[in-house]
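Undergrad: Mind having a look at this structure? Questions to follow.
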Amino acid sequence: MKDVTIIGGGPAGLYATFYSGLRGMSVTLIEAQAQLGGKVRLYPEKVIWDAGGMPPLSGEDFCAGLVRQGRTFDPEVHLETIVADIKQTENGFEVLTEGGSSFESSTVIVAAGGGIITPQRLEVEGAERFDMTNLHYTAQGLETFRDKTVLISGGGNTAVDWANELEGIAANVIISCRSALKGHEAVVEKVMCSTVDCMLQTSIQRLIADESGTRIKQVELQCGLDAGRIVDVDHVLVNHGYERELAFLNGTSLALEMEEQRITAAANGATSVPGLFAAGDVALHPGKINLLAGAFHDAANAVNAAKTYVDPEAAASGMVSSHHSGFAERNEALKKAGQV
Ligand SMILES: Cc1cc2nc3c(=O)[nH]c(=O)nc-3n(C[C@H](O)[C@H](O)[C@H](O)COP(=O)(O)OP(=O)(O)OC[C@H]3O[C@@H](n4cnc5c(N)ncnc54)[C@H](O)[C@@H]3O)c2cc1C
């Protein structure tokens with residue numbers, strides 16, 4: 001029986017795990033994927049500039065820091081474990097998984113983001129045979145694309161980010177997009193003023209294999225009713241958005257108020273179910289921002305609320321953080337190692 005079960009090991013869940021330890025709470029953290037990090041794992045090469053107080057960091061390095069921080073107080077972590085249901089019990093909650101295990105705790109913090117995320121596949125005949133070679137759904141390792149011709153399919157934020165990251169690394173970057181580019185004005189403007197070839201109003205019609213049959217050599221792009229245009233490529237990067245699966249919340253027997261796949265919450269993460277709190281992208285409250293900064297803010301609030309739920313005498317918030325008895329020794333070690 002733990003103080004809190006945290007569902008989801010993305011930024012909100014990892015920071016909630018750390019913050020729970022800081023507040024002396026015992027934690028079970030459950031994550032569906034094989035690795036912690038949540039959506040940040042989808043953009044390992046992107047340079048993150050807007051997480052308060054941090055120097056620009058790649059998604060991969062940012063993730064490593066999140067995970068390290070999340071493990072500070074040795075939480076019990078279960079990876080590749082999908083939460084299937086949450087039940088209320090006499091003493092709190094029982095979190096049930098698809099594999100049949102169950103975890104009991106006094107409170108629950110749901111930090112499941114948009115759910116279990118998988119990239120939308122390219123809907124072109126035979127596309128799956130290139131999955132192991134040069135058809136990609138995330139840009140892992142930008143060096144793969146050095147001096148190559150890369151065609152990006154999609155026109156949302158992620159596709160535009162990739163184009164900007166790859167310009168200057170790849171020999172040629174082409175964006176194929178059904179409509180206009182969407183994304184932050186500054187990044188769209190940057191890509192439009194760059195050497196990236198933006199082929200708007202086009203979509204991939206056909207993938208043409210090389211002699212081995214295992215690599216894409218050319219792509220046929222359709223533009224309206226015009227005849228297909230053949231483009232030579234070394235790599236194809238697809239970003240058509242993501243499929244999200246939040247079955248455990250959609251089918252829950254709890255009286256949990258939800259709106260558009262998100263949990264309606266107060267600013268402190270409290271939900272319509274006493275003892276169950278929401279944090280990060282899964283939470284919907286006035287002033288919510290779906291960014292890393294918002295995930296951390298929500299997580300600290302949810303942990304503070306969970307703490308007072310477990311121990312009504314505890315301070316509701318306003319603790320000056322980074323105060324923990326365990327830190328004195330660690331601070332000394334860090335100073336000695338010249339790391340702070
Ligand atoms: C392409 C892209 C680029 C972005 N760039 C930036 C940026 O530059 N700056 C910025 O501030 N923000 C950025 N964001 C937003 C930021 O990544 C999110 O706001 C943040 O990841 C939200 O964290 P979270 O923990 O709430 O959710 P998530 O990161 O989605 O994590 C939720 C976790 O819960 C797990 N989970 C879900 N369902 C279950 C279940 N049933 N059982 C167990 N585990 C489950 C998931 O597997 C996942 O690991 C970007 C987002 C995307 C998609």
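Numbering starts fresh at 1 for the residues of each chain in the structure tokens, the chains themselves are lettered A, B, ... in the order given, and ligands are numbered from 1 as they appear.
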At a cut-off of 7 Å and counting only C-alpha atoms and all ligand atoms, what residues surround ligand 1? Please answer as a PyMOL selection string.

TA: chain A and resi 7-13+30-33+36-40+42-43+48-51+81-84+111-117+157-158+245-246+248+279-282+290-295

Undergrad: If DSSP is run on the backbone, what residues of range 119-272 of chain A are helix (DSSP H, G or I)? A reply as a PyMOL selection string would be ideal.

TA: chain A and resi 127-130+142-145+157-166+185-192+247-250

Undergrad: Just the selected residues (N, CA and C atoms), exported as an mmCIF file, in the first residue's frame, please.

TA:
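Output (part08.cif):
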```
data_model
loop_
_atom_site.group_PDB
_atom_site.id
_atom_site.type_symbol
_atom_site.label_atom_id
_atom_site.label_comp_id
_atom_site.auth_asym_id
_atom_site.auth_seq_id
_atom_site.Cartn_x
_atom_site.Cartn_y
_atom_site.Cartn_z
ATOM 1 N N ALA A 127 3.788 0.141 -47.647
ATOM 2 C CA ALA A 127 4.703 1.034 -46.914
ATOM 3 C C ALA A 127 5.461 0.283 -45.808
ATOM 4 N N GLU A 128 4.801 -0.689 -45.178
ATOM 5 C CA GLU A 128 5.389 -1.352 -44.013
ATOM 6 C C GLU A 128 6.694 -2.091 -44.332
ATOM 7 N N ARG A 129 6.916 -2.437 -45.610
ATOM 8 C CA ARG A 129 8.155 -3.191 -45.901
ATOM 9 C C ARG A 129 9.398 -2.313 -45.831
ATOM 10 N N PHE A 130 9.202 -0.991 -45.717
ATOM 11 C CA PHE A 130 10.361 -0.089 -45.616
ATOM 12 C C PHE A 130 10.611 0.372 -44.176
ATOM 13 N N LEU A 142 20.004 12.402 -36.087
ATOM 14 C CA LEU A 142 20.019 13.251 -37.287
ATOM 15 C C LEU A 142 21.153 12.886 -38.238
ATOM 16 N N GLU A 143 22.231 12.280 -37.708
ATOM 17 C CA GLU A 143 23.375 11.938 -38.565
ATOM 18 C C GLU A 143 22.975 10.985 -39.701
ATOM 19 N N THR A 144 21.939 10.192 -39.465
ATOM 20 C CA THR A 144 21.431 9.283 -40.508
ATOM 21 C C THR A 144 21.125 10.063 -41.779
ATOM 22 N N PHE A 145 20.742 11.331 -41.606
ATOM 23 C CA PHE A 145 20.240 12.098 -42.754
ATOM 24 C C PHE A 145 21.295 13.027 -43.366
ATOM 25 N N ASN A 157 3.252 20.923 -36.649
ATOM 26 C CA ASN A 157 4.391 21.415 -35.864
ATOM 27 C C ASN A 157 5.622 20.530 -35.965
ATOM 28 N N THR A 158 5.414 19.214 -35.798
ATOM 29 C CA THR A 158 6.553 18.300 -35.748
ATOM 30 C C THR A 158 7.254 18.233 -37.097
ATOM 31 N N ALA A 159 6.466 18.154 -38.175
ATOM 32 C CA ALA A 159 7.052 18.079 -39.513
ATOM 33 C C ALA A 159 7.876 19.340 -39.797
ATOM 34 N N VAL A 160 7.330 20.491 -39.408
ATOM 35 C CA VAL A 160 8.038 21.758 -39.660
ATOM 36 C C VAL A 160 9.311 21.814 -38.802
ATOM 37 N N ASP A 161 9.216 21.352 -37.544
ATOM 38 C CA ASP A 161 10.411 21.302 -36.681
ATOM 39 C C ASP A 161 11.496 20.440 -37.305
ATOM 40 N N TRP A 162 11.092 19.271 -37.813
ATOM 41 C CA TRP A 162 12.079 18.367 -38.432
ATOM 42 C C TRP A 162 12.761 19.061 -39.601
ATOM 43 N N ALA A 163 11.935 19.727 -40.442
ATOM 44 C CA ALA A 163 12.501 20.392 -41.629
ATOM 45 C C ALA A 163 13.554 21.407 -41.200
ATOM 46 N N ASN A 164 13.247 22.189 -40.174
ATOM 47 C CA ASN A 164 14.209 23.196 -39.719
ATOM 48 C C ASN A 164 15.467 22.547 -39.143
ATOM 49 N N GLU A 165 15.288 21.437 -38.399
ATOM 50 C CA GLU A 165 16.454 20.750 -37.826
ATOM 51 C C GLU A 165 17.337 20.152 -38.921
ATOM 52 N N LEU A 166 16.692 19.640 -39.973
ATOM 53 C CA LEU A 166 17.457 18.905 -41.000
ATOM 54 C C LEU A 166 18.107 19.812 -42.028
ATOM 55 N N GLU A 185 4.174 30.494 -35.771
ATOM 56 C CA GLU A 185 4.440 31.417 -36.879
ATOM 57 C C GLU A 185 5.945 31.477 -37.183
ATOM 58 N N ALA A 186 6.763 31.585 -36.126
ATOM 59 C CA ALA A 186 8.206 31.787 -36.327
ATOM 60 C C ALA A 186 8.837 30.594 -37.042
ATOM 61 N N VAL A 187 8.429 29.378 -36.665
ATOM 62 C CA VAL A 187 9.060 28.209 -37.297
ATOM 63 C C VAL A 187 8.570 28.016 -38.722
ATOM 64 N N VAL A 188 7.300 28.353 -38.958
ATOM 65 C CA VAL A 188 6.778 28.249 -40.328
ATOM 66 C C VAL A 188 7.489 29.272 -41.215
ATOM 67 N N GLU A 189 7.653 30.477 -40.694
ATOM 68 C CA GLU A 189 8.326 31.511 -41.483
ATOM 69 C C GLU A 189 9.770 31.087 -41.788
ATOM 70 N N LYS A 190 10.410 30.516 -40.756
ATOM 71 C CA LYS A 190 11.804 30.086 -40.930
ATOM 72 C C LYS A 190 11.909 29.060 -42.066
ATOM 73 N N VAL A 191 10.996 28.106 -42.062
ATOM 74 C CA VAL A 191 11.078 27.055 -43.082
ATOM 75 C C VAL A 191 10.747 27.628 -44.467
ATOM 76 N N MET A 192 9.788 28.575 -44.517
ATOM 77 C CA MET A 192 9.400 29.146 -45.803
ATOM 78 C C MET A 192 10.547 29.977 -46.410
ATOM 79 N N ALA A 247 -8.136 4.085 -23.139
ATOM 80 C CA ALA A 247 -9.275 3.218 -22.818
ATOM 81 C C ALA A 247 -9.560 3.171 -21.324
ATOM 82 N N PHE A 248 -8.510 3.172 -20.491
ATOM 83 C CA PHE A 248 -8.756 2.969 -19.056
ATOM 84 C C PHE A 248 -9.542 4.136 -18.452
ATOM 85 N N LEU A 249 -9.467 5.296 -19.073
ATOM 86 C CA LEU A 249 -10.255 6.428 -18.565
ATOM 87 C C LEU A 249 -11.628 6.474 -19.227
ATOM 88 N N ASN A 250 -11.648 6.182 -20.527
ATOM 89 C CA ASN A 250 -12.937 6.258 -21.228
ATOM 90 C C ASN A 250 -13.932 5.217 -20.701
#
```

Undergrad: Give me the residues near Asn304 in chain A as a PyMOL selection string, where near means some atom within 7 Å (using only C-alpha atoms) and where sequence neighbours in that chain fewer than 4 positions away do not count.

TA: chain A and resi 300+308+316-317

Undergrad: Go through A:Ala302, A:Ile169, A:Val310, A:Val47 one by one, measure the shortest atom-to-atom distance of each to Val110 in chain A using only C-alpha atoms, and give the residue with the smallest value.

TA: A:Ala302

Undergrad: Taking into account only C-alpha atoms, which residue in the set A:Lys336, A:His240, A:Lys182, A:His285 is nearest to Leu122 in chain A?

TA: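 Using only C-alpha atoms, the shortest distance to Leu122 in chain A belongs to A:His240.
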
Undergrad: I want to know what sits within 8 Å of Ala305 in chain A, based on only C-alpha atoms, with residues of the same chain fewer than 2 positions away left out; could you give that as a compact mmCIF listing (two decimals) with N, CA and C atoms, in the first residue's frame?

TA:
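As written to disk, selection-v1.txt reads:
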```txt
# COMPACT_ATOMS: atom_id res chain seq x y z
N ASN A 268 -5.48 22.73 -8.74
CA ASN A 268 -4.55 21.90 -7.96
C ASN A 268 -4.61 20.43 -8.35
N GLY A 269 -5.28 20.15 -9.46
CA GLY A 269 -5.32 18.78 -9.96
C GLY A 269 -6.46 17.94 -9.40
N ALA A 270 -7.21 18.48 -8.43
CA ALA A 270 -8.32 17.71 -7.85
C ALA A 270 -9.37 17.43 -8.93
N PHE A 277 -6.12 12.62 -8.61
CA PHE A 277 -5.68 13.92 -9.13
C PHE A 277 -5.18 13.74 -10.57
N ASN A 301 1.46 20.74 -8.09
CA ASN A 301 0.16 21.01 -7.48
C ASN A 301 -0.56 19.72 -7.10
N ALA A 302 -0.54 18.76 -8.01
CA ALA A 302 -1.25 17.49 -7.75
C ALA A 302 -0.62 16.77 -6.56
N VAL A 303 0.72 16.79 -6.47
CA VAL A 303 1.38 16.11 -5.35
C VAL A 303 1.04 16.82 -4.04
N LYS A 307 -0.77 15.02 -1.04
CA LYS A 307 -0.12 14.98 0.28
C LYS A 307 -1.12 15.38 1.39
N THR A 308 -1.86 16.46 1.16
CA THR A 308 -2.81 16.89 2.20
C THR A 308 -4.01 15.96 2.27
N TYR A 309 -4.27 15.25 1.18
CA TYR A 309 -5.36 14.25 1.22
C TYR A 309 -4.96 13.10 2.15
N ALA A 316 -0.16 22.56 2.80
CA ALA A 316 -0.85 22.41 1.52
C ALA A 316 0.09 22.69 0.36
```

Undergrad: For CA of Ala170 in chain A and CA of Glu125 in chain A, determine how far apart the two atoms are, in Å to one decimal place.

TA: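 We find that CA of Ala170 in chain A and CA of Glu125 in chain A lie 26.8 Å from each other.
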
Undergrad: Measuring between only C-alpha atoms, which one of A:Ala306, A:Lys87, A:Ser212, A:Gln201 shows the shortest distance to Ser26 in chain A?

TA: A:Ala306

Undergrad: At a cut-off of 12 Å, using only C-alpha atoms, what residues contact Val95 in chain A? Leave out same-chain residues fewer than 4 positions from it and give the result as a ChimeraX atom specification.

TA: /A:1-2,4-7,28-30,81-89,99-110,248-249,252,254,276

Undergrad: Would you mind reading off the distance between CA of Pro55 in chain A and CA of Gln140 in chain A, one decimal, in Å?

TA: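 Between these atoms lies a distance of 21.2 Å.
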
Undergrad: I want to know what sits within 8 Å of range 222-228 of chain A, based on only C-alpha atoms, with residues of the same chain fewer than 2 positions away left out; could you give that as JSON, numbers by chain?

TA: {"A": [201, 202, 203, 204, 205, 220, 230]}

Undergrad: Quick one: distance from CA of Leu284 in chain A to CA of Leu14 in chain A in Å, one decimal?

TA: 18.9 Å

Undergrad: Extract, using only C-alpha atoms, all DNA, RNA and protein residues at most 12 Å from Arg71 in chain A, discarding same-chain residues fewer than 3 positions from it, and format them as a list in words.

TA: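 Listing them by chain and then by number gives Gly9, Gly13, Leu14, Tyr15, Ala16, Thr17, Phe18, Tyr19, Ser20, Gly21, Leu22, Val27, Thr28, Leu29, Leu36, Ala64, Gly65, Leu66, Val67, Arg68, Asp74, Pro75, Glu76 and Val77 of chain A.
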
Undergrad: Save the residues we just selected, C-alpha atoms, as a compact mmCIF listing (two decimals), in the first residue's frame?

TA:
```txt
# COMPACT_ATOMS: atom_id res chain seq x y z
CA GLY A 9 5.96 8.17 -16.89
CA GLY A 13 4.46 11.67 -14.05
CA LEU A 14 8.23 11.81 -13.60
CA TYR A 15 8.16 15.21 -11.97
CA ALA A 16 5.23 14.10 -9.77
CA THR A 17 7.31 11.07 -8.78
CA PHE A 18 10.25 13.26 -7.80
CA TYR A 19 8.04 15.76 -6.00
CA SER A 20 6.22 13.02 -4.09
CA GLY A 21 9.59 11.78 -2.83
CA LEU A 22 10.48 15.32 -1.85
CA VAL A 27 5.28 6.00 -4.92
CA THR A 28 4.45 3.40 -7.52
CA LEU A 29 5.01 4.72 -11.06
CA LEU A 36 10.18 6.53 -19.40
CA ALA A 64 17.58 11.58 -19.53
CA GLY A 65 17.45 14.42 -16.99
CA LEU A 66 13.75 13.89 -16.35
CA VAL A 67 14.25 10.19 -15.74
CA ARG A 68 17.25 10.76 -13.46
CA ASP A 74 13.93 5.26 -5.55
CA PRO A 75 10.28 4.91 -6.52
CA GLU A 76 8.84 1.54 -7.48
CA VAL A 77 8.71 1.71 -11.30
```
